[in-house]
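Pasting target_27.cif here (mmCIF, C-alpha atoms):
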data_work
loop_
_atom_site.label_atom_id
_atom_site.label_comp_id
_atom_site.auth_asym_id
_atom_site.auth_seq_id
_atom_site.Cartn_x
_atom_site.Cartn_y
_atom_site.Cartn_z
CA MET X 1 28.88 165.40 148.16
CA SER X 2 29.43 166.73 151.64
CA THR X 3 31.04 164.92 154.52
CA PRO X 4 28.96 165.01 157.73
CA GLN X 5 30.33 167.52 160.21
CA GLY X 6 32.95 165.99 162.46
CA THR X 7 33.61 163.00 160.20
CA SER X 8 37.26 161.98 160.06
CA LEU X 9 39.11 159.05 158.61
CA PRO X 10 40.15 156.18 160.86
CA PRO X 11 43.83 156.40 161.78
CA THR X 12 44.44 153.14 159.94
CA ALA X 13 43.37 154.61 156.59
CA ARG X 14 46.21 155.10 154.16
CA ALA X 15 44.22 157.07 151.58
CA SER X 16 43.71 160.79 152.09
CA ALA X 17 40.43 162.46 152.97
CA ASP X 18 40.39 164.03 149.50
CA ALA X 19 40.76 160.59 147.90
CA VAL X 20 37.89 159.23 149.97
CA ALA X 21 35.72 162.20 149.01
CA ALA X 22 36.56 161.74 145.33
CA ALA X 23 35.76 158.02 145.46
CA ALA X 24 32.42 158.71 147.14
CA GLU X 25 31.60 161.34 144.52
CA ARG X 26 32.44 158.97 141.66
CA LEU X 27 30.18 156.23 143.02
CA SER X 28 27.28 158.52 143.91
CA THR X 29 27.39 160.13 140.47
CA ALA X 30 27.28 156.69 138.85
CA ALA X 31 24.19 155.82 140.90
CA ALA X 32 22.48 159.15 140.21
CA THR X 33 23.10 159.04 136.47
CA SER X 34 22.65 155.26 136.02
CA THR X 35 26.05 155.24 134.34
CA PRO X 36 28.66 152.79 135.65
CA CYS X 37 31.96 154.36 136.56
CA THR X 38 35.59 153.34 136.60
CA PRO X 39 36.87 151.54 139.71
CA VAL X 40 37.80 153.65 142.73
CA ARG X 41 40.94 151.71 143.58
CA ASP X 42 43.03 154.33 141.78
CA LEU X 43 41.92 156.66 144.59
CA ILE X 44 41.79 154.46 147.70
CA GLY X 45 43.75 151.35 146.75
CA THR X 46 42.66 147.73 146.56
CA ASP X 47 42.90 146.76 150.22
CA ASP X 48 42.74 149.92 152.35
CA VAL X 49 39.86 148.60 154.43
CA ALA X 50 39.47 151.73 156.57
CA ALA X 51 39.35 154.03 153.57
CA ALA X 52 36.91 151.79 151.70
CA TYR X 53 34.48 151.73 154.63
CA ALA X 54 34.90 155.50 154.99
CA VAL X 55 33.68 155.89 151.40
CA GLN X 56 30.76 153.58 152.13
CA GLU X 57 29.86 155.45 155.32
CA ARG X 58 29.97 158.80 153.56
CA ASN X 59 27.56 157.77 150.80
CA VAL X 60 25.23 155.98 153.21
CA ALA X 61 25.14 159.12 155.37
CA ASP X 62 24.13 161.14 152.33
CA ARG X 63 21.30 158.73 151.54
CA ILE X 64 20.10 158.94 155.14
CA ALA X 65 20.23 162.73 154.95
CA ALA X 66 18.04 162.49 151.84
CA GLY X 67 15.39 160.54 153.77
CA ALA X 68 16.39 156.87 153.80
CA SER X 69 16.62 154.89 157.03
CA VAL X 70 18.81 151.98 158.06
CA VAL X 71 16.95 148.66 158.34
CA GLY X 72 19.89 146.27 158.61
CA ARG X 73 23.13 145.01 157.11
CA LYS X 74 24.26 142.64 154.43
CA ILE X 75 27.24 140.35 154.67
CA GLY X 76 29.03 139.76 151.40
CA LEU X 77 31.68 137.45 150.08
CA THR X 78 30.96 134.60 152.49
CA SER X 79 30.64 131.89 149.85
CA PRO X 80 33.87 130.46 148.40
CA ALA X 81 32.11 130.36 145.03
CA VAL X 82 31.28 134.08 145.17
CA GLN X 83 34.74 134.93 146.50
CA GLN X 84 36.18 133.11 143.51
CA GLN X 85 33.85 134.96 141.14
CA LEU X 86 34.97 138.32 142.52
CA GLY X 87 38.60 137.50 143.22
CA VAL X 88 38.53 138.26 146.96
CA ASP X 89 39.22 136.17 150.05
CA GLN X 90 37.40 137.75 153.01
CA PRO X 91 33.86 138.87 153.93
CA ASP X 92 32.63 142.41 153.79
CA PHE X 93 29.46 144.21 154.84
CA GLY X 94 27.10 146.85 153.52
CA VAL X 95 24.18 148.79 154.94
CA LEU X 96 20.56 147.95 154.10
CA LEU X 97 18.26 150.95 153.71
CA ASP X 98 14.49 150.93 153.66
CA ASP X 99 14.32 151.91 149.98
CA MET X 100 16.23 148.74 149.06
CA HIS X 101 13.50 146.42 150.39
CA CYS X 102 11.21 145.08 147.67
CA GLN X 103 8.02 143.11 148.29
CA GLU X 104 7.55 139.68 146.72
CA ALA X 105 4.25 140.77 145.17
CA GLY X 106 5.64 143.82 143.41
CA PRO X 107 7.56 143.88 140.11
CA ILE X 108 11.13 145.16 140.13
CA PRO X 109 11.91 147.35 137.12
CA LEU X 110 15.33 146.55 135.73
CA SER X 111 15.73 150.29 135.19
CA ARG X 112 16.31 150.59 138.96
CA LEU X 113 19.55 148.66 138.55
CA LEU X 114 22.75 148.91 136.53
CA GLN X 115 24.35 145.45 136.35
CA PRO X 116 22.21 143.23 138.58
CA LYS X 117 22.96 139.75 139.76
CA VAL X 118 20.91 137.72 142.21
CA GLU X 119 21.84 135.34 145.00
CA ALA X 120 19.87 133.29 147.51
CA GLU X 121 20.50 133.81 151.20
CA ILE X 122 19.20 133.20 154.70
CA ALA X 123 18.12 136.42 156.39
CA PHE X 124 18.02 136.81 160.16
CA VAL X 125 15.81 139.35 161.92
CA LEU X 126 17.13 140.30 165.33
CA ALA X 127 15.11 140.33 168.54
CA HIS X 128 17.91 141.81 170.65
CA ASP X 129 20.77 144.28 170.26
CA LEU X 130 24.26 142.85 169.81
CA VAL X 131 26.08 145.63 171.61
CA ASP X 132 27.49 144.27 174.86
CA GLY X 133 28.74 140.89 175.98
CA PRO X 134 31.04 138.28 174.48
CA LEU X 135 29.12 137.90 171.19
CA ASP X 136 29.65 134.15 171.51
CA ASP X 137 27.57 131.44 169.83
CA ALA X 138 24.92 131.43 172.56
CA GLN X 139 24.48 135.19 172.47
CA ILE X 140 24.30 135.26 168.67
CA ARG X 141 21.67 132.50 168.54
CA GLY X 142 19.70 134.10 171.34
CA ALA X 143 19.58 137.43 169.52
CA VAL X 144 17.83 135.99 166.46
CA ASP X 145 14.06 136.45 166.38
CA TYR X 146 13.54 134.41 163.21
CA ALA X 147 15.05 133.41 159.87
CA VAL X 148 13.53 133.85 156.41
CA ALA X 149 14.51 132.98 152.85
CA ALA X 150 15.89 135.98 150.99
CA LEU X 151 17.02 137.09 147.56
CA GLU X 152 19.70 139.74 147.40
CA ILE X 153 19.90 141.61 144.13
CA VAL X 154 23.50 142.72 144.10
CA ASP X 155 24.61 145.51 141.80
CA SER X 156 27.73 147.45 141.04
CA ARG X 157 28.17 151.08 140.19
CA ILE X 158 31.56 150.08 138.74
CA ALA X 159 31.61 149.22 135.04
CA GLY X 160 31.86 145.54 134.17
CA TRP X 161 32.01 144.47 137.83
CA ASP X 162 35.74 145.26 137.59
CA ILE X 163 36.16 145.22 141.35
CA THR X 164 38.68 144.51 144.04
CA PHE X 165 37.86 144.23 147.73
CA GLY X 166 38.32 147.97 148.18
CA ASP X 167 36.00 148.76 145.28
CA THR X 168 33.13 146.59 146.49
CA VAL X 169 33.36 147.77 150.11
CA ALA X 170 33.35 151.40 149.01
CA ASP X 171 30.30 150.65 146.85
CA ASN X 172 28.29 149.58 149.94
CA GLY X 173 29.22 145.95 149.41
CA SER X 174 27.92 146.05 145.83
CA SER X 175 24.42 146.22 147.24
CA GLY X 176 21.24 146.80 145.29
CA LEU X 177 17.90 145.51 146.52
CA PHE X 178 16.55 142.63 148.60
CA VAL X 179 13.39 140.55 148.91
CA LEU X 180 12.30 138.54 151.96
CA GLY X 181 10.15 135.42 151.93
CA ALA X 182 6.96 135.01 153.91
CA ASP X 183 7.80 131.96 156.04
CA ARG X 184 9.43 132.82 159.37
CA ARG X 185 11.22 130.14 161.38
CA THR X 186 12.86 130.35 164.77
CA LEU X 187 16.20 128.66 165.29
CA ASP X 188 14.44 126.08 167.44
CA SER X 189 12.78 124.77 164.28
CA PHE X 190 15.38 125.54 161.61
CA ASP X 191 19.08 124.73 161.33
CA PRO X 192 20.75 127.23 158.96
CA VAL X 193 23.88 125.18 158.33
CA ALA X 194 21.85 122.20 157.10
CA ALA X 195 19.79 124.20 154.60
CA GLN X 196 19.82 123.20 150.94
CA MET X 197 19.21 125.87 148.29
CA GLN X 198 18.07 125.80 144.68
CA MET X 199 17.60 128.98 142.65
CA PHE X 200 15.76 129.26 139.36
CA ILE X 201 15.30 131.96 136.73
CA ASP X 202 11.90 131.14 135.28
CA ASP X 203 12.16 127.34 135.04
CA THR X 204 15.93 127.06 134.65
CA GLU X 205 18.07 126.12 137.64
CA VAL X 206 20.89 128.65 137.88
CA SER X 207 22.41 128.06 141.33
CA THR X 208 22.56 125.50 144.10
CA GLY X 209 24.22 125.57 147.48
CA THR X 210 24.02 124.88 151.18
CA GLY X 211 24.09 126.68 154.49
CA ALA X 212 27.61 125.37 155.00
CA ALA X 213 28.76 127.40 151.97
CA CYS X 214 28.22 130.61 153.96
CA LEU X 215 31.39 130.87 156.07
CA GLY X 216 30.75 127.29 157.16
CA ASP X 217 27.51 128.35 158.92
CA PRO X 218 25.29 131.42 158.36
CA LEU X 219 25.29 131.98 162.11
CA ARG X 220 29.09 132.21 161.98
CA ALA X 221 28.68 134.94 159.37
CA LEU X 222 26.26 136.74 161.69
CA ALA X 223 28.76 136.49 164.53
CA TRP X 224 31.51 137.91 162.30
CA LEU X 225 29.25 140.83 161.41
CA ALA X 226 28.21 141.45 165.02
CA ARG X 227 31.84 141.72 166.12
CA THR X 228 32.91 143.79 163.11
CA ALA X 229 29.96 146.19 163.37
CA ARG X 230 30.69 146.73 167.05
CA GLU X 231 34.32 147.46 166.25
CA PHE X 232 33.14 150.08 163.75
CA GLY X 233 31.01 151.71 166.45
CA GLN X 234 27.73 150.83 164.72
CA PRO X 235 26.56 147.63 166.44
CA LEU X 236 23.63 145.54 165.30
CA ARG X 237 20.26 146.43 166.77
CA ALA X 238 16.98 144.68 167.53
CA GLY X 239 14.63 144.69 164.57
CA GLN X 240 17.37 144.83 161.97
CA VAL X 241 17.42 142.51 158.96
CA ILE X 242 20.73 140.74 158.38
CA LEU X 243 21.40 139.17 155.00
CA SER X 244 23.91 136.53 156.02
CA GLY X 245 25.57 135.80 152.67
CA ALA X 246 25.14 133.77 149.53
CA LEU X 247 24.46 130.04 149.73
CA GLY X 248 25.74 129.51 146.19
CA PRO X 249 26.93 131.31 143.07
CA MET X 250 25.10 134.42 141.95
CA ALA X 251 23.36 134.64 138.59
CA VAL X 252 23.11 137.54 136.16
CA ILE X 253 19.72 139.17 135.62
CA ASP X 254 19.73 140.89 132.23
CA THR X 255 16.15 140.47 131.04
CA ALA X 256 12.63 140.28 132.41
CA GLY X 257 11.88 137.12 134.34
CA THR X 258 11.07 135.56 137.68
CA VAL X 259 13.69 134.39 140.15
CA ARG X 260 12.72 131.83 142.79
CA ALA X 261 14.87 130.37 145.51
CA ASP X 262 13.82 127.31 147.49
CA ILE X 263 15.57 126.84 150.83
CA THR X 264 14.80 123.73 152.84
CA GLY X 265 13.09 124.64 156.07
CA LEU X 266 12.34 128.20 154.95
CA GLY X 267 10.19 127.70 151.87
CA SER X 268 10.55 129.93 148.84
CA VAL X 269 11.17 133.55 147.98
CA THR X 270 10.41 135.11 144.60
CA ALA X 271 11.37 138.27 142.73
CA THR X 272 9.87 139.32 139.39
CA PHE X 273 11.90 141.60 137.14
CA THR X 274 10.32 143.71 134.41
CA GLN X 275 11.62 145.82 131.54
CA GLU X 276 9.36 148.75 132.46
#

Transcribe the structure of this file into structure tokens.
Amino acid sequence: MSTPQGTSLPPTARASADAVAAAAERLSTAAATSTPCTPVRDLIGTDDVAAAYAVQERNVADRIAAGASVVGRKIGLTSPAVQQQLGVDQPDFGVLLDDMHCQEAGPIPLSRLLQPKVEAEIAFVLAHDLVDGPLDDAQIRGAVDYAVAALEIVDSRIAGWDITFGDTVADNGSSGLFVLGADRRTLDSFDPVAAQMQMFIDDTEVSTGTGAACLGDPLRALAWLARTAREFGQPLRAGQVILSGALGPMAVIDTAGTVRADITGLGSVTATFTQE
């Protein structure tokens, strides 16, 4: 792996540049070989936020150099239930690339993933940049073009999901793939915090939740991301897709089947997994 020219670690990072490079190499090798790796916290620590995001940025830059393009961001660890599952207590974010977007109509081969889990979310598509201004509630709401139901297929390059906050941030927020529903609603006709969610694998209910489970309000999660992304010098832009965070617990996907999430006001979104 090569660091982009001119890249340097934030001054707040405690880990060394060599440690960041080694962590990035370990994760990228796991992805390339479809072989989960050991955690990277032995290299960058469990809570060195700056170093963890430096690992993420390095591997995302390599994927962009290989031809991928940024289409948005994902917010992770917004649901208390998911935080409890992963043993962390604050949100994180990852970068969405175009090759992570799967269409509802197309099958998703499980071979594309290592240790997938799925969660239902509200996605926001932005009509305006969130670069300048106070990033207050009015600005955040006004920047949203529409909301759609979404499934995020989270994944981990780290064996057994043995992750701390530093591990998951470094691993691009444990991102995998995502699917967007067809129904688009403006915020004039849809209240994210009031949404009710049910998620099924085939005909079995595997998760339920509400908009309020996502940092109290999915729009609050979006505001957190807008401020954090701006602080990192990579603000949110018009046209980007923002996965705002899980509305309930995630469920393991370990065999072929169909996942459907129903979100009140947004309709349904479906993903079909195959063993091909």

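Of the residues listed (X:Gln139, X:Ser156, X:Val20, X:Phe178), X:Phe178 shows the shortest atom-to-atom separation from Val241 in chain X; distances use all atoms listed in the file.
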
- Query: Leaving out Gln275 in chain X and any residue of its chain fewer than 2 positions from it, which residues lie within 8 Å of it when counting only C-alpha atoms, given as a ChimeraX atom specification?
  - Reply: /X:109-111,255-256,273

What is the distance, in Å and to one decimal place, between CA of Asp137 in chain X and CA of Trp224 in chain X?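 Between these atoms lies a distance of 10.7 Å.
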
*Picked residues, the PyMOL selection byres ((chain X and resi 94) around 8), expected as a ChimeraX atom specification*: /X:56,73-76,92-93,95-96,169,172-175

So, with all atoms listed in the file as the atoms that count, which of X:Thr272, X:Ser207, X:Ser79, X:Gln198 lies closest to Ile108 in chain X?
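Answer, going by the shortest atom-to-atom distance: X:Thr272.
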
Could you give me, as JSON lines, every range 83-185 of chain X residue with an atom at most 9 Å from range 208-216 of chain X, plus its closest atom pair and distance in Å to one decimal, counting only C-alpha atoms, rows ordered by chain then number?
{"residue": "X:Pro91", "atom": "CA", "partner": "X:Leu215", "partner_atom": "CA", "distance": 8.6}
{"residue": "X:Ala120", "atom": "CA", "partner": "X:Gly209", "partner_atom": "CA", "distance": 8.9}
{"residue": "X:Glu121", "atom": "CA", "partner": "X:Gly211", "partner_atom": "CA", "distance": 8.6}
{"residue": "X:Ile122", "atom": "CA", "partner": "X:Gly211", "partner_atom": "CA", "distance": 8.2}

Just say which residues the PyMOL selection byres ((chain X and resi 144) around 12) picks in this file, as a JSON list (two decimals) with C-alpha atoms, keeping the file's coordinate frame.
[["chain", "number", "residue", "atom", "x", "y", "z"],
["X", 123, "ALA", "CA", 18.12, 136.42, 156.39],
["X", 124, "PHE", "CA", 18.02, 136.81, 160.16],
["X", 125, "VAL", "CA", 15.81, 139.35, 161.92],
["X", 126, "LEU", "CA", 17.13, 140.30, 165.33],
["X", 127, "ALA", "CA", 15.11, 140.33, 168.54],
["X", 128, "HIS", "CA", 17.91, 141.81, 170.65],
["X", 129, "ASP", "CA", 20.77, 144.28, 170.26],
["X", 130, "LEU", "CA", 24.26, 142.85, 169.81],
["X", 137, "ASP", "CA", 27.57, 131.44, 169.83],
["X", 138, "ALA", "CA", 24.92, 131.43, 172.56],
["X", 139, "GLN", "CA", 24.48, 135.19, 172.47],
["X", 140, "ILE", "CA", 24.30, 135.26, 168.67],
["X", 141, "ARG", "CA", 21.67, 132.50, 168.54],
["X", 142, "GLY", "CA", 19.70, 134.10, 171.34],
["X", 143, "ALA", "CA", 19.58, 137.43, 169.52],
["X", 145, "ASP", "CA", 14.06, 136.45, 166.38],
["X", 146, "TYR", "CA", 13.54, 134.41, 163.21],
["X", 147, "ALA", "CA", 15.05, 133.41, 159.87],
["X", 148, "VAL", "CA", 13.53, 133.85, 156.41],
["X", 184, "ARG", "CA", 9.43, 132.82, 159.37],
["X", 185, "ARG", "CA", 11.22, 130.14, 161.38],
["X", 186, "THR", "CA", 12.86, 130.35, 164.77],
["X", 187, "LEU", "CA", 16.20, 128.66, 165.29],
["X", 188, "ASP", "CA", 14.44, 126.08, 167.44],
["X", 190, "PHE", "CA", 15.38, 125.54, 161.61],
["X", 192, "PRO", "CA", 20.75, 127.23, 158.96],
["X", 218, "PRO", "CA", 25.29, 131.42, 158.36],
["X", 219, "LEU", "CA", 25.29, 131.98, 162.11],
["X", 222, "LEU", "CA", 26.26, 136.74, 161.69],
["X", 223, "ALA", "CA", 28.76, 136.49, 164.53],
["X", 226, "ALA", "CA", 28.21, 141.45, 165.02],
["X", 236, "LEU", "CA", 23.63, 145.54, 165.30],
["X", 237, "ARG", "CA", 20.26, 146.43, 166.77],
["X", 238, "ALA", "CA", 16.98, 144.68, 167.53],
["X", 239, "GLY", "CA", 14.63, 144.69, 164.57],
["X", 240, "GLN", "CA", 17.37, 144.83, 161.97],
["X", 241, "VAL", "CA", 17.42, 142.51, 158.96],
["X", 242, "ILE", "CA", 20.73, 140.74, 158.38]]

Notebook entry, point to check: Between CA of Ala221 in chain X and CA of Asp262 in chain X, what is the spacing in Å?
Noted result: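 Distance between the two atoms: 20.5 Å.
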
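The nearest approach to Asp183 in chain X among the residues X:Val55, X:Met199, X:Ile263, X:Ala31, with only C-alpha atoms taken into account, belongs to X:Ile263.
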
Got a sec to resolve the PyMOL selection byres ((chain X and resi 9-16) around 7) on this structure and send the residues as an mmCIF file with C-alpha atoms, keeping the file's coordinate frame?
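Once written, expr27.cif looks like this:
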data_model
loop_
_atom_site.group_PDB
_atom_site.id
_atom_site.type_symbol
_atom_site.label_atom_id
_atom_site.label_comp_id
_atom_site.auth_asym_id
_atom_site.auth_seq_id
_atom_site.Cartn_x
_atom_site.Cartn_y
_atom_site.Cartn_z
ATOM 1 C CA THR X 7 33.610 163.000 160.200
ATOM 2 C CA SER X 8 37.260 161.980 160.060
ATOM 3 C CA ALA X 17 40.430 162.460 152.970
ATOM 4 C CA ASP X 18 40.390 164.030 149.500
ATOM 5 C CA ALA X 19 40.760 160.590 147.900
ATOM 6 C CA VAL X 20 37.890 159.230 149.970
ATOM 7 C CA ILE X 44 41.790 154.460 147.700
ATOM 8 C CA ASP X 48 42.740 149.920 152.350
ATOM 9 C CA ALA X 50 39.470 151.730 156.570
ATOM 10 C CA ALA X 51 39.350 154.030 153.570
ATOM 11 C CA ALA X 54 34.900 155.500 154.990
#

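When CA of Val193 in chain X is paired with CA of Leu247 in chain X, their separation reads 9.9 Å.
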
| With all atoms listed in the file as the basis for distance, which of X:Ala251, X:Ala229, X:Val206, X:Val154 is at the shortest distance from Leu77 in chain X? |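 Smallest separation from Leu77 in chain X among the options: X:Val154.
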
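Comparing the minimum interatomic distances between Ile64 in chain X and each of X:Asp99, X:Gln115, X:Ile158, X:Glu276, counting all atoms listed in the file, we find that X:Asp99 sits nearest.
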
Open item on the list: Measuring between all atoms listed in the file, which one of X:Leu27, X:Ala105, X:Leu225, X:Leu180 shows the shortest distance to Ser244 in chain X?
Closed with: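 Once distances to Ser244 in chain X are computed over all atoms listed in the file, the minimum belongs to X:Leu225.
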